[in-house]
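Have a look at work.txt below; it lists compact mmCIF, C-alpha atoms.
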```txt
# COMPACT_ATOMS: atom_id res chain seq x y z
CA MET L 1 -13.40 111.61 -65.71
CA PRO L 2 -11.01 113.13 -63.11
CA ASN L 3 -12.37 110.70 -60.54
CA HIS L 4 -11.69 107.77 -62.85
CA PHE L 5 -8.15 109.03 -63.49
CA SER L 6 -7.59 109.54 -59.77
CA ARG L 7 -8.73 106.01 -58.94
CA LEU L 8 -6.55 104.61 -61.72
CA SER L 9 -3.52 106.51 -60.41
CA VAL L 10 -4.11 105.24 -56.90
CA ALA L 11 -4.49 101.66 -58.20
CA ILE L 12 -1.21 101.88 -60.12
CA LEU L 13 0.56 103.38 -57.09
CA LEU L 14 -0.76 100.66 -54.79
CA ALA L 15 0.26 97.98 -57.25
CA GLY L 16 3.77 99.41 -57.39
CA LEU L 17 4.00 99.62 -53.61
CA SER L 18 2.63 96.07 -53.32
CA GLY L 19 5.27 94.79 -55.73
CA GLN L 20 8.01 96.46 -53.68
CA SER L 21 6.62 95.16 -50.39
CA LEU L 22 6.58 91.62 -51.76
CA ALA L 23 10.28 91.81 -52.68
CA ASP L 24 12.84 89.74 -50.79
CA THR L 25 15.67 91.75 -49.24
CA VAL L 26 19.34 90.86 -48.73
CA LEU L 27 21.45 92.96 -46.34
CA LEU L 28 25.18 92.87 -47.04
CA ARG L 29 28.02 93.34 -44.57
CA ASN L 30 29.33 96.32 -46.57
CA GLY L 31 26.05 98.18 -45.91
CA ASP L 32 24.42 97.57 -49.30
CA LYS L 33 20.85 96.30 -49.64
CA ILE L 34 19.50 94.33 -52.60
CA THR L 35 15.80 93.70 -53.20
CA GLY L 36 14.26 91.20 -55.60
CA GLU L 37 13.27 87.54 -55.65
CA ILE L 38 15.56 84.96 -54.02
CA LYS L 39 16.00 82.17 -56.57
CA SER L 40 18.36 79.85 -54.71
CA PHE L 41 20.55 79.65 -51.63
CA ASP L 42 23.05 76.79 -51.53
CA GLU L 43 26.15 76.08 -49.47
CA ALA L 44 28.16 78.72 -51.33
CA HIS L 45 25.94 81.44 -52.82
CA LEU L 46 22.60 83.21 -52.62
CA VAL L 47 21.09 84.08 -56.00
CA ILE L 48 18.61 86.97 -56.18
CA LYS L 49 16.80 88.41 -59.21
CA PRO L 50 16.21 92.18 -58.87
CA SER L 51 13.53 93.76 -61.04
CA TYR L 52 16.11 96.06 -62.62
CA SER L 53 18.93 93.64 -63.53
CA PRO L 54 19.85 90.00 -64.29
CA LYS L 55 20.38 87.52 -61.46
CA ILE L 56 23.03 88.41 -58.88
CA SER L 57 25.08 85.73 -57.11
CA ILE L 58 26.24 86.68 -53.60
CA GLU L 59 28.73 84.71 -51.50
CA ARG L 60 27.46 83.53 -48.12
CA SER L 61 30.35 85.29 -46.36
CA ALA L 62 29.13 88.69 -47.68
CA ILE L 63 25.59 88.38 -46.24
CA LYS L 64 24.73 90.06 -42.95
CA SER L 65 21.04 89.05 -42.97
CA PHE L 66 18.07 88.73 -45.31
CA GLU L 67 14.30 88.38 -45.35
CA THR L 68 11.57 86.92 -47.51
CA THR L 69 7.94 87.98 -47.80
CA GLN L 70 6.30 84.64 -48.58
CA ASN L 71 6.48 81.17 -47.10
CA GLN L 72 8.90 78.91 -48.97
CA HIS L 73 10.56 75.54 -48.44
CA TRP L 74 13.74 76.15 -46.45
CA SER L 75 16.08 73.48 -45.14
CA ILE L 76 16.96 74.57 -41.59
CA ASN L 77 19.51 72.36 -39.88
CA ARG L 78 18.59 69.66 -42.44
CA THR L 79 14.89 69.84 -41.55
CA LEU L 80 12.49 71.07 -44.22
CA GLN L 81 10.19 73.90 -43.09
CA ASP L 82 7.66 76.01 -44.96
CA VAL L 83 8.40 79.43 -43.44
CA SER L 84 9.15 83.06 -44.20
CA ILE L 85 12.43 84.59 -43.11
CA LYS L 86 12.82 87.88 -41.23
CA SER L 87 16.04 89.87 -41.06
CA SER L 88 17.95 90.13 -37.80
CA GLU L 89 20.03 92.87 -36.19
CA LEU L 90 22.65 90.22 -35.38
CA ASP L 91 25.36 89.78 -38.00
CA GLY L 92 25.06 86.39 -39.68
CA PHE L 93 21.59 85.60 -38.34
CA VAL L 94 17.95 85.67 -39.46
CA GLN L 95 14.68 85.28 -37.58
CA VAL L 96 12.44 82.26 -38.10
CA ASN L 97 9.28 82.08 -35.97
CA ASN L 98 10.78 84.77 -33.69
CA LYS L 99 13.93 82.68 -33.10
CA GLN L 100 17.45 83.75 -34.04
CA ILE L 101 18.86 81.23 -36.56
CA PRO L 102 22.44 81.29 -37.97
CA ILE L 103 22.49 81.81 -41.73
CA SER L 104 24.92 78.87 -41.96
CA GLU L 105 22.04 76.51 -41.08
CA LEU L 106 19.82 77.62 -44.00
CA VAL L 107 19.52 76.31 -47.53
CA TYR L 108 16.72 77.24 -49.92
CA SER L 109 15.16 74.00 -51.10
CA ASP L 110 12.61 73.25 -53.79
CA ARG L 111 11.85 69.91 -52.16
CA LYS L 112 8.31 69.37 -50.99
CA SER L 113 9.03 66.90 -48.18
CA ASP L 114 11.87 65.60 -46.00
CA SER L 115 11.64 62.20 -47.71
CA GLU L 116 11.91 63.40 -51.31
CA TRP L 117 14.87 61.78 -53.06
CA ARG L 118 17.46 63.50 -55.19
CA TYR L 119 19.80 61.68 -57.55
CA SER L 120 23.13 62.65 -59.07
CA GLY L 121 26.11 60.87 -60.54
CA SER L 122 28.87 60.66 -63.09
CA VAL L 123 30.66 58.21 -65.37
CA GLU L 124 34.30 58.65 -66.34
CA ALA L 125 37.09 57.09 -68.38
CA ALA L 126 40.67 57.81 -67.32
CA LEU L 127 44.22 57.07 -68.38
CA ASP L 128 47.05 56.52 -65.92
CA VAL L 129 49.78 58.98 -66.95
CA THR L 130 52.35 57.92 -64.36
CA SER L 131 55.75 57.54 -66.04
CA HIS L 132 56.76 53.89 -66.50
CA SER L 133 60.04 52.37 -67.63
CA LYS L 134 58.25 49.66 -69.64
CA ASN L 135 55.53 49.71 -72.28
CA THR L 136 52.67 49.85 -69.78
CA GLN L 137 49.11 50.99 -70.40
CA LYS L 138 46.64 51.56 -67.56
CA LEU L 139 42.99 52.31 -68.22
CA HIS L 140 40.27 53.13 -65.67
CA ALA L 141 36.49 53.31 -66.02
CA LYS L 142 34.38 54.37 -63.06
CA SER L 143 30.94 55.50 -61.98
CA ASP L 144 29.66 57.43 -58.97
CA ILE L 145 25.95 57.56 -58.05
CA THR L 146 24.35 59.36 -55.08
CA ALA L 147 20.76 59.21 -53.85
CA GLU L 148 19.81 61.36 -50.87
CA THR L 149 17.09 62.93 -48.82
CA LEU L 150 17.63 65.51 -46.09
CA GLN L 151 18.45 62.68 -43.63
CA TRP L 152 19.75 59.75 -45.68
CA ARG L 153 22.54 59.62 -48.23
CA HIS L 154 23.40 56.54 -50.32
CA ASN L 155 26.55 56.52 -52.44
CA LEU L 156 27.69 53.77 -54.79
CA LYS L 157 31.06 53.88 -56.56
CA SER L 158 32.43 51.31 -58.98
CA GLU L 159 35.69 51.14 -60.89
CA VAL L 160 37.33 48.83 -63.41
CA ARG L 161 41.13 48.90 -63.74
CA TYR L 162 42.88 47.28 -66.67
CA GLU L 163 46.66 47.24 -67.07
CA THR L 164 48.83 45.77 -69.80
CA GLU L 165 52.58 45.49 -70.20
CA GLY L 166 53.51 44.69 -73.77
CA ASN L 167 51.12 41.91 -74.76
CA ALA L 168 50.60 40.64 -71.21
CA THR L 169 47.72 41.59 -68.93
CA LYS L 170 49.13 42.66 -65.57
CA ARG L 171 45.92 43.76 -63.87
CA ASN L 172 42.21 43.28 -64.37
CA THR L 173 40.27 44.31 -61.28
CA ILE L 174 36.77 45.41 -60.45
CA GLU L 175 35.96 47.47 -57.35
CA GLY L 176 32.74 48.48 -55.66
CA HIS L 177 32.21 50.80 -52.69
CA TYR L 178 28.86 51.49 -51.02
CA SER L 179 28.29 53.91 -48.15
CA LEU L 180 25.17 54.87 -46.24
CA ASP L 181 25.08 58.03 -44.11
CA TYR L 182 22.33 58.79 -41.64
CA LEU L 183 22.46 62.55 -41.00
CA ILE L 184 21.56 62.97 -37.34
CA SER L 185 21.94 66.75 -37.40
CA GLU L 186 23.72 69.45 -39.38
CA HIS L 187 27.10 68.14 -38.14
CA TRP L 188 26.71 64.59 -36.81
CA LEU L 189 26.22 61.49 -38.93
CA LEU L 190 26.41 57.70 -38.70
CA ARG L 191 28.11 55.83 -41.55
CA GLN L 192 27.98 52.22 -42.69
CA GLU L 193 30.07 51.13 -45.65
CA ASP L 194 31.05 48.07 -47.66
CA TYR L 195 33.94 47.60 -50.08
CA PHE L 196 34.69 44.78 -52.52
CA GLN L 197 37.62 44.22 -54.89
CA GLU L 198 38.31 41.26 -57.15
CA ASP L 199 41.44 40.63 -59.20
CA ARG L 200 40.48 38.60 -62.27
CA LEU L 201 43.90 37.28 -63.30
CA ASP L 202 44.98 33.61 -63.41
CA PHE L 203 45.32 33.59 -59.63
CA PRO L 204 42.09 35.29 -58.47
CA ILE L 205 42.22 37.36 -55.27
CA SER L 206 39.28 39.13 -53.69
CA ASN L 207 39.08 41.30 -50.61
CA TYR L 208 36.17 42.82 -48.77
CA TYR L 209 35.53 44.96 -45.74
CA ALA L 210 32.50 46.14 -43.80
CA ALA L 211 32.63 49.18 -41.51
CA ILE L 212 30.42 51.24 -39.23
CA GLY L 213 31.03 54.31 -37.11
CA PRO L 214 30.19 57.94 -36.27
CA GLY L 215 31.20 60.99 -38.27
CA TYR L 216 31.32 64.77 -37.90
CA ARG L 217 30.78 67.33 -40.67
CA PHE L 218 32.92 70.40 -39.94
CA TRP L 219 31.33 72.54 -42.64
CA GLY L 220 29.26 72.37 -45.77
CA ILE L 221 25.70 71.49 -46.66
CA GLY L 222 24.98 69.60 -49.86
CA ARG L 223 27.84 69.62 -52.37
CA ASP L 224 30.61 71.29 -50.32
CA LYS L 225 31.74 69.27 -47.33
CA LEU L 226 34.49 68.36 -44.89
CA ASP L 227 33.66 65.12 -43.06
CA PHE L 228 35.67 63.18 -40.49
CA VAL L 229 34.55 59.60 -39.78
CA VAL L 230 35.87 56.94 -37.39
CA THR L 231 34.86 53.34 -38.16
CA TYR L 232 35.45 49.82 -36.92
CA ASN L 233 36.28 47.61 -39.90
CA HIS L 234 36.32 43.87 -40.54
CA PHE L 235 38.48 42.70 -43.47
CA TRP L 236 38.37 39.49 -45.49
CA LEU L 237 41.08 38.37 -47.95
CA ASP L 238 40.10 35.37 -50.06
CA THR L 239 42.31 33.38 -52.47
CA GLN L 240 42.22 29.87 -53.93
CA ILE L 241 44.63 28.72 -51.22
CA PHE L 242 43.54 30.50 -48.04
CA THR L 243 41.15 33.00 -46.43
CA TYR L 244 42.43 35.60 -43.98
CA GLN L 245 40.44 37.91 -41.70
CA LEU L 246 41.34 40.81 -39.43
CA ASN L 247 39.80 43.80 -37.65
CA ALA L 248 40.94 47.42 -37.72
CA TRP L 249 40.07 50.89 -36.53
CA ALA L 250 40.07 53.41 -39.36
CA SER L 251 39.73 57.17 -39.70
CA THR L 252 38.50 58.82 -42.89
CA LEU L 253 38.56 62.42 -44.11
CA ASN L 254 36.29 63.41 -47.03
CA TYR L 255 36.67 66.87 -48.57
CA LYS L 256 34.86 68.43 -51.52
CA GLN L 257 34.52 72.07 -52.55
CA TYR L 258 33.23 73.92 -55.61
CA TRP L 259 34.75 77.13 -56.96
CA PHE L 260 33.82 79.80 -59.52
CA ASP L 261 30.09 79.05 -59.39
CA GLY L 262 30.66 75.30 -59.68
CA VAL L 263 33.01 75.32 -62.69
CA LEU L 264 35.91 73.86 -60.70
CA GLU L 265 35.67 71.08 -58.09
CA THR L 266 38.48 70.09 -55.73
CA TYR L 267 38.25 66.98 -53.59
CA ALA L 268 40.26 64.65 -51.34
CA ASP L 269 39.55 61.31 -49.68
CA LEU L 270 42.00 60.04 -47.09
CA GLN L 271 41.74 56.87 -45.03
CA ILE L 272 44.17 55.19 -42.66
CA ALA L 273 43.47 51.85 -40.93
CA PHE L 274 45.31 50.29 -37.99
CA PRO L 275 44.80 46.50 -38.02
CA ASP L 276 44.76 44.54 -34.77
CA THR L 277 47.69 42.40 -35.85
CA PRO L 278 51.31 43.13 -34.84
CA THR L 279 52.66 42.34 -38.31
CA ILE L 280 50.84 45.26 -40.01
CA ASP L 281 51.44 48.81 -38.76
CA TYR L 282 48.91 50.59 -40.99
CA ILE L 283 47.18 50.64 -44.38
CA SER L 284 46.39 53.98 -46.00
CA ASP L 285 44.63 55.17 -49.17
CA SER L 286 44.74 58.81 -50.24
CA THR L 287 43.15 60.49 -53.25
CA PHE L 288 43.50 64.13 -54.31
CA GLY L 289 41.80 65.47 -57.40
CA LEU L 290 40.01 68.17 -59.33
CA LYS L 291 37.32 68.38 -61.99
CA TYR L 292 36.87 71.19 -64.49
CA LEU L 293 33.51 71.62 -66.23
CA LEU L 294 33.79 72.02 -69.99
CA THR L 295 30.01 72.17 -70.39
CA GLN L 296 27.07 71.74 -68.04
CA GLN L 297 27.64 67.95 -67.99
CA ILE L 298 31.10 67.20 -69.45
CA TYR L 299 34.25 67.62 -67.36
CA LEU L 300 37.99 67.01 -67.37
CA SER L 301 39.52 65.38 -64.29
CA PHE L 302 42.92 64.94 -62.69
CA LYS L 303 43.48 62.49 -59.82
CA TYR L 304 46.51 61.71 -57.68
CA ASP L 305 46.44 58.43 -55.71
CA ILE L 306 48.77 57.26 -52.94
CA ASN L 307 48.38 53.76 -51.45
CA GLU L 308 50.64 52.64 -48.61
CA THR L 309 51.03 49.51 -46.52
CA LYS L 310 53.60 49.37 -43.74
CA THR L 311 54.39 46.01 -42.15
CA SER L 312 57.09 44.75 -39.83
CA ILE L 313 58.97 43.49 -42.89
CA ARG L 314 58.60 46.22 -45.53
CA HIS L 315 56.95 49.48 -46.56
CA VAL L 316 55.06 49.42 -49.88
CA ARG L 317 54.04 52.71 -51.52
CA ASP L 318 52.18 53.00 -54.83
CA VAL L 319 51.66 56.39 -56.53
CA SER L 320 49.64 57.07 -59.68
CA TYR L 321 48.34 60.04 -61.71
CA ASN L 322 45.18 59.87 -63.81
CA LEU L 323 43.71 62.14 -66.49
CA GLY L 324 40.07 61.56 -67.34
CA LEU L 325 36.99 62.72 -69.21
CA GLY L 326 33.59 62.33 -67.58
CA VAL L 327 29.89 63.14 -67.80
CA ASN L 328 27.66 64.34 -64.94
CA PHE L 329 24.00 63.38 -64.80
```

Could you express the structure from this file as structure tokens?
Amino acid sequence: MPNHFSRLSVAILLAGLSGQSLADTVLLRNGDKITGEIKSFDEAHLVIKPSYSPKISIERSAIKSFETTQNQHWSINRTLQDVSIKSSELDGFVQVNNKQIPISELVYSDRKSDSEWRYSGSVEAALDVTSHSKNTQKLHAKSDITAETLQWRHNLKSEVRYETEGNATKRNTIEGHYSLDYLISEHWLLRQEDYFQEDRLDFPISNYYAAIGPGYRFWGIGRDKLDFVVTYNHFWLDTQIFTYQLNAWASTLNYKQYWFDGVLETYADLQIAFPDTPTIDYISDSTFGLKYLLTQQIYLSFKYDINETKTSIRHVRDVSYNLGLGVNF
């Protein structure tokens, strides 16, 4: 009987030690150490589940190093690898296959291959709340769909704008914007984009542009980002009377960041184009906005738009404010 009890005690002890040895470990810059199972590691936070408490979310900036005990799918510099991570003595680094890798290049991914697609999107209805001197109503309906792998990212945006003044329809337009990014590395990308707008009033006007050029991502992997892109654009303006074409160099800044564990999103999209015609100095479109999650899918939005065109004759500036309600999917 004592021998049986002794063997049982040893088995329990070994099982406990084995459970501890299989735990992932996160080393913090303040000297603390947390052990448990790493559940996720995105562009903002690492989430670990200790055996003694609920999940803990840790900001990237607080992590000195970490290690895992089993091979898992990690995105390293946008390349999917099935590896285990070892801690490093260097602040802000880990070891992968005996190489020092910056933590900033890592994201924990549940994807099984580089070519696996992920889809996300939203639909939204918004009301223009800009003050107007006349009885004007402006309604917007838009959608935003993204499909991406670790190397390719497709984005399709569409918007319908409807404006009335009294009983008269002042605007009825439909817009579509498609962009394709090829992610060369963690920072460099190549972008191709197309834009179409059609005004459906009595005197129809449509315009279109196609663009291509390189871009640089300053920071962010996945949802958070700060991208700068330079493109060469070709514009078409088509009416019932004439068709006009021109070329332009354009620079674009895309910013998006999530706060408070994803509850609040801030974003900005700025573009300025310099046409190769002496009569137009520049054309610029700027959007600043935020989204606040009410539930896991439903959000409130606020958007501030500034559109400017400066020519040799005049300077036109249009400003609008929009409040909206949308659904993520």

Computed interatomic separation between atom CA of L:Lys55 and atom CA of L:Phe41 (Å): 12.6 Å

Distance table requested - stretch 77-129 of chain L against stretch 288-301 of chain L, cut-off 9 Å, all atoms listed in the file: one row per qualifying residue with the closest atom pair and its distance in Å to one decimal, ordered by chain and rising residue number, as CSV.
```
residue,atom,partner,partner_atom,distance
L:Ser122,CA,L:Gln297,CA,8.9
L:Glu124,CA,L:Ser301,CA,8.8
L:Ala126,CA,L:Ser301,CA,8.2
```

Restricting the output to C-alpha atoms, write the selected residues as an mmCIF file, in the frame of the given file.
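File produced: result-v5.cif:
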```cif
data_model
loop_
_atom_site.group_PDB
_atom_site.id
_atom_site.type_symbol
_atom_site.label_atom_id
_atom_site.label_comp_id
_atom_site.auth_asym_id
_atom_site.auth_seq_id
_atom_site.Cartn_x
_atom_site.Cartn_y
_atom_site.Cartn_z
ATOM 1 C CA SER L 122 28.870 60.660 -63.090
ATOM 2 C CA GLU L 124 34.300 58.650 -66.340
ATOM 3 C CA ALA L 126 40.670 57.810 -67.320
#
```

Option closest in space to L:Gln151, from L:His187, L:Lys138, L:His177, L:Lys39 [counting only C-alpha atoms]: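 Result for the nearest residue to L:Gln151: L:His187.
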
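If you measure from each of L:Trp152, L:Lys49, L:Asn172, L:Leu180 to L:Glu116 using all atoms listed in the file, the closest one turns out to be L:Trp152.
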
Within 7 Å of file point (33.6, 47.8, -45.9), counting all atoms listed in the file, expressed as a VMD selection string: chain L and resid 193 to 195 208 to 211 233

Expected answer as a PyMOL selection string: all residues with atoms within 8 Å of (45.2, 47.9, -36.9), only C-alpha atoms: chain L and resi 247-250+273-277+280-282

Distance criterion (only C-alpha atoms): nearest to L:Gly121 out of L:Ile103, L:Leu90, L:His154, L:Gln197: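 Looking only at the distances to L:Gly121, the closest residue turns out to be L:His154.
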
Atom pair atom CA of L:Thr164 / atom CA of L:Gln240: separation (Å): 23.4 Å

L:Ser57, L:Asn254, L:Ser206, L:Ser40 ranked by distance to L:Trp236, top pick (using only C-alpha atoms): L:Ser206

Shortest interatomic distance to L:Ser286 - which of L:Val229, L:Ile85, L:Val263, L:Leu253, counting only C-alpha atoms: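 Once distances to L:Ser286 are computed over only C-alpha atoms, the minimum belongs to L:Leu253.
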
Coordinates-based distance that separates atom CA of L:Thr130 from atom CA of L:Asp199 (Å, one decimal): 21.1 Å

Nearest candidate to L:Ser131 (options L:Gly213, L:Asn30, L:Thr25, L:Val319; using all atoms listed in the file):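 Among the listed residues, the smallest separation from L:Ser131 belongs to L:Val319.
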
Fill-in result for stretch 301-322 of chain L, N, CA, C and O atoms as a PDB file, keeping the file's coordinate frame:
```pdb
ATOM      1  N   SER L 301      39.137  65.696 -65.666  1.00  0.00           N
ATOM      2  CA  SER L 301      39.520  65.380 -64.290  1.00  0.00           C
ATOM      3  C   SER L 301      41.000  65.053 -64.206  1.00  0.00           C
ATOM      4  O   SER L 301      41.620  64.573 -65.162  1.00  0.00           O
ATOM      5  N   PHE L 302      41.559  65.345 -63.034  1.00  0.00           N
ATOM      6  CA  PHE L 302      42.920  64.940 -62.690  1.00  0.00           C
ATOM      7  C   PHE L 302      42.884  64.342 -61.296  1.00  0.00           C
ATOM      8  O   PHE L 302      42.280  64.918 -60.384  1.00  0.00           O
ATOM      9  N   LYS L 303      43.507  63.170 -61.122  1.00  0.00           N
ATOM     10  CA  LYS L 303      43.480  62.490 -59.820  1.00  0.00           C
ATOM     11  C   LYS L 303      44.865  61.984 -59.472  1.00  0.00           C
ATOM     12  O   LYS L 303      45.587  61.459 -60.330  1.00  0.00           O
ATOM     13  N   TYR L 304      45.222  62.148 -58.202  1.00  0.00           N
ATOM     14  CA  TYR L 304      46.510  61.710 -57.680  1.00  0.00           C
ATOM     15  C   TYR L 304      46.237  60.726 -56.541  1.00  0.00           C
ATOM     16  O   TYR L 304      45.596  61.076 -55.552  1.00  0.00           O
ATOM     17  N   ASP L 305      46.688  59.484 -56.696  1.00  0.00           N
ATOM     18  CA  ASP L 305      46.440  58.430 -55.710  1.00  0.00           C
ATOM     19  C   ASP L 305      47.742  58.010 -55.030  1.00  0.00           C
ATOM     20  O   ASP L 305      48.783  57.852 -55.692  1.00  0.00           O
ATOM     21  N   ILE L 306      47.660  57.804 -53.716  1.00  0.00           N
ATOM     22  CA  ILE L 306      48.770  57.260 -52.940  1.00  0.00           C
ATOM     23  C   ILE L 306      48.228  56.116 -52.076  1.00  0.00           C
ATOM     24  O   ILE L 306      47.323  56.323 -51.268  1.00  0.00           O
ATOM     25  N   ASN L 307      48.766  54.915 -52.254  1.00  0.00           N
ATOM     26  CA  ASN L 307      48.380  53.760 -51.450  1.00  0.00           C
ATOM     27  C   ASN L 307      49.621  53.235 -50.723  1.00  0.00           C
ATOM     28  O   ASN L 307      50.658  52.986 -51.355  1.00  0.00           O
ATOM     29  N   GLU L 308      49.503  53.068 -49.413  1.00  0.00           N
ATOM     30  CA  GLU L 308      50.640  52.640 -48.610  1.00  0.00           C
ATOM     31  C   GLU L 308      50.246  51.498 -47.679  1.00  0.00           C
ATOM     32  O   GLU L 308      49.139  51.471 -47.145  1.00  0.00           O
ATOM     33  N   THR L 309      51.165  50.574 -47.509  1.00  0.00           N
ATOM     34  CA  THR L 309      51.030  49.510 -46.520  1.00  0.00           C
ATOM     35  C   THR L 309      52.373  49.356 -45.818  1.00  0.00           C
ATOM     36  O   THR L 309      53.391  49.104 -46.480  1.00  0.00           O
ATOM     37  N   LYS L 310      52.367  49.504 -44.503  1.00  0.00           N
ATOM     38  CA  LYS L 310      53.600  49.370 -43.740  1.00  0.00           C
ATOM     39  C   LYS L 310      53.473  48.158 -42.814  1.00  0.00           C
ATOM     40  O   LYS L 310      52.556  48.083 -41.996  1.00  0.00           O
ATOM     41  N   THR L 311      54.375  47.205 -42.980  1.00  0.00           N
ATOM     42  CA  THR L 311      54.390  46.010 -42.150  1.00  0.00           C
ATOM     43  C   THR L 311      55.703  45.946 -41.383  1.00  0.00           C
ATOM     44  O   THR L 311      56.573  46.808 -41.534  1.00  0.00           O
ATOM     45  N   SER L 312      55.841  44.924 -40.590  1.00  0.00           N
ATOM     46  CA  SER L 312      57.090  44.750 -39.830  1.00  0.00           C
ATOM     47  C   SER L 312      58.248  44.357 -40.733  1.00  0.00           C
ATOM     48  O   SER L 312      59.412  44.444 -40.334  1.00  0.00           O
ATOM     49  N   ILE L 313      57.933  43.946 -41.959  1.00  0.00           N
ATOM     50  CA  ILE L 313      58.970  43.490 -42.890  1.00  0.00           C
ATOM     51  C   ILE L 313      59.337  44.560 -43.907  1.00  0.00           C
ATOM     52  O   ILE L 313      60.502  44.806 -44.207  1.00  0.00           O
ATOM     53  N   ARG L 314      58.323  45.246 -44.462  1.00  0.00           N
ATOM     54  CA  ARG L 314      58.600  46.220 -45.530  1.00  0.00           C
ATOM     55  C   ARG L 314      57.538  47.301 -45.572  1.00  0.00           C
ATOM     56  O   ARG L 314      56.486  47.205 -44.937  1.00  0.00           O
ATOM     57  N   HIS L 315      57.846  48.333 -46.365  1.00  0.00           N
ATOM     58  CA  HIS L 315      56.950  49.480 -46.560  1.00  0.00           C
ATOM     59  C   HIS L 315      56.684  49.600 -48.060  1.00  0.00           C
ATOM     60  O   HIS L 315      57.583  49.900 -48.845  1.00  0.00           O
ATOM     61  N   VAL L 316      55.430  49.378 -48.468  1.00  0.00           N
ATOM     62  CA  VAL L 316      55.060  49.420 -49.880  1.00  0.00           C
ATOM     63  C   VAL L 316      54.278  50.712 -50.134  1.00  0.00           C
ATOM     64  O   VAL L 316      53.326  51.023 -49.421  1.00  0.00           O
ATOM     65  N   ARG L 317      54.688  51.442 -51.179  1.00  0.00           N
ATOM     66  CA  ARG L 317      54.040  52.710 -51.520  1.00  0.00           C
ATOM     67  C   ARG L 317      53.803  52.761 -53.027  1.00  0.00           C
ATOM     68  O   ARG L 317      54.752  52.619 -53.812  1.00  0.00           O
ATOM     69  N   ASP L 318      52.556  52.942 -53.422  1.00  0.00           N
ATOM     70  CA  ASP L 318      52.180  53.000 -54.830  1.00  0.00           C
ATOM     71  C   ASP L 318      51.571  54.360 -55.136  1.00  0.00           C
ATOM     72  O   ASP L 318      50.620  54.784 -54.482  1.00  0.00           O
ATOM     73  N   VAL L 319      52.110  55.048 -56.144  1.00  0.00           N
ATOM     74  CA  VAL L 319      51.660  56.390 -56.530  1.00  0.00           C
ATOM     75  C   VAL L 319      51.226  56.363 -57.988  1.00  0.00           C
ATOM     76  O   VAL L 319      51.889  55.766 -58.834  1.00  0.00           O
ATOM     77  N   SER L 320      50.095  57.012 -58.288  1.00  0.00           N
ATOM     78  CA  SER L 320      49.640  57.070 -59.680  1.00  0.00           C
ATOM     79  C   SER L 320      48.961  58.412 -59.951  1.00  0.00           C
ATOM     80  O   SER L 320      48.412  59.050 -59.044  1.00  0.00           O
ATOM     81  N   TYR L 321      48.993  58.823 -61.240  1.00  0.00           N
ATOM     82  CA  TYR L 321      48.340  60.040 -61.710  1.00  0.00           C
ATOM     83  C   TYR L 321      47.379  59.648 -62.842  1.00  0.00           C
ATOM     84  O   TYR L 321      47.735  58.862 -63.716  1.00  0.00           O
ATOM     85  N   ASN L 322      46.178  60.207 -62.799  1.00  0.00           N
ATOM     86  CA  ASN L 322      45.180  59.870 -63.810  1.00  0.00           C
ATOM     87  C   ASN L 322      44.574  61.124 -64.425  1.00  0.00           C
ATOM     88  O   ASN L 322      44.239  62.065 -63.708  1.00  0.00           O
TER      89      ASN L 322
END
```
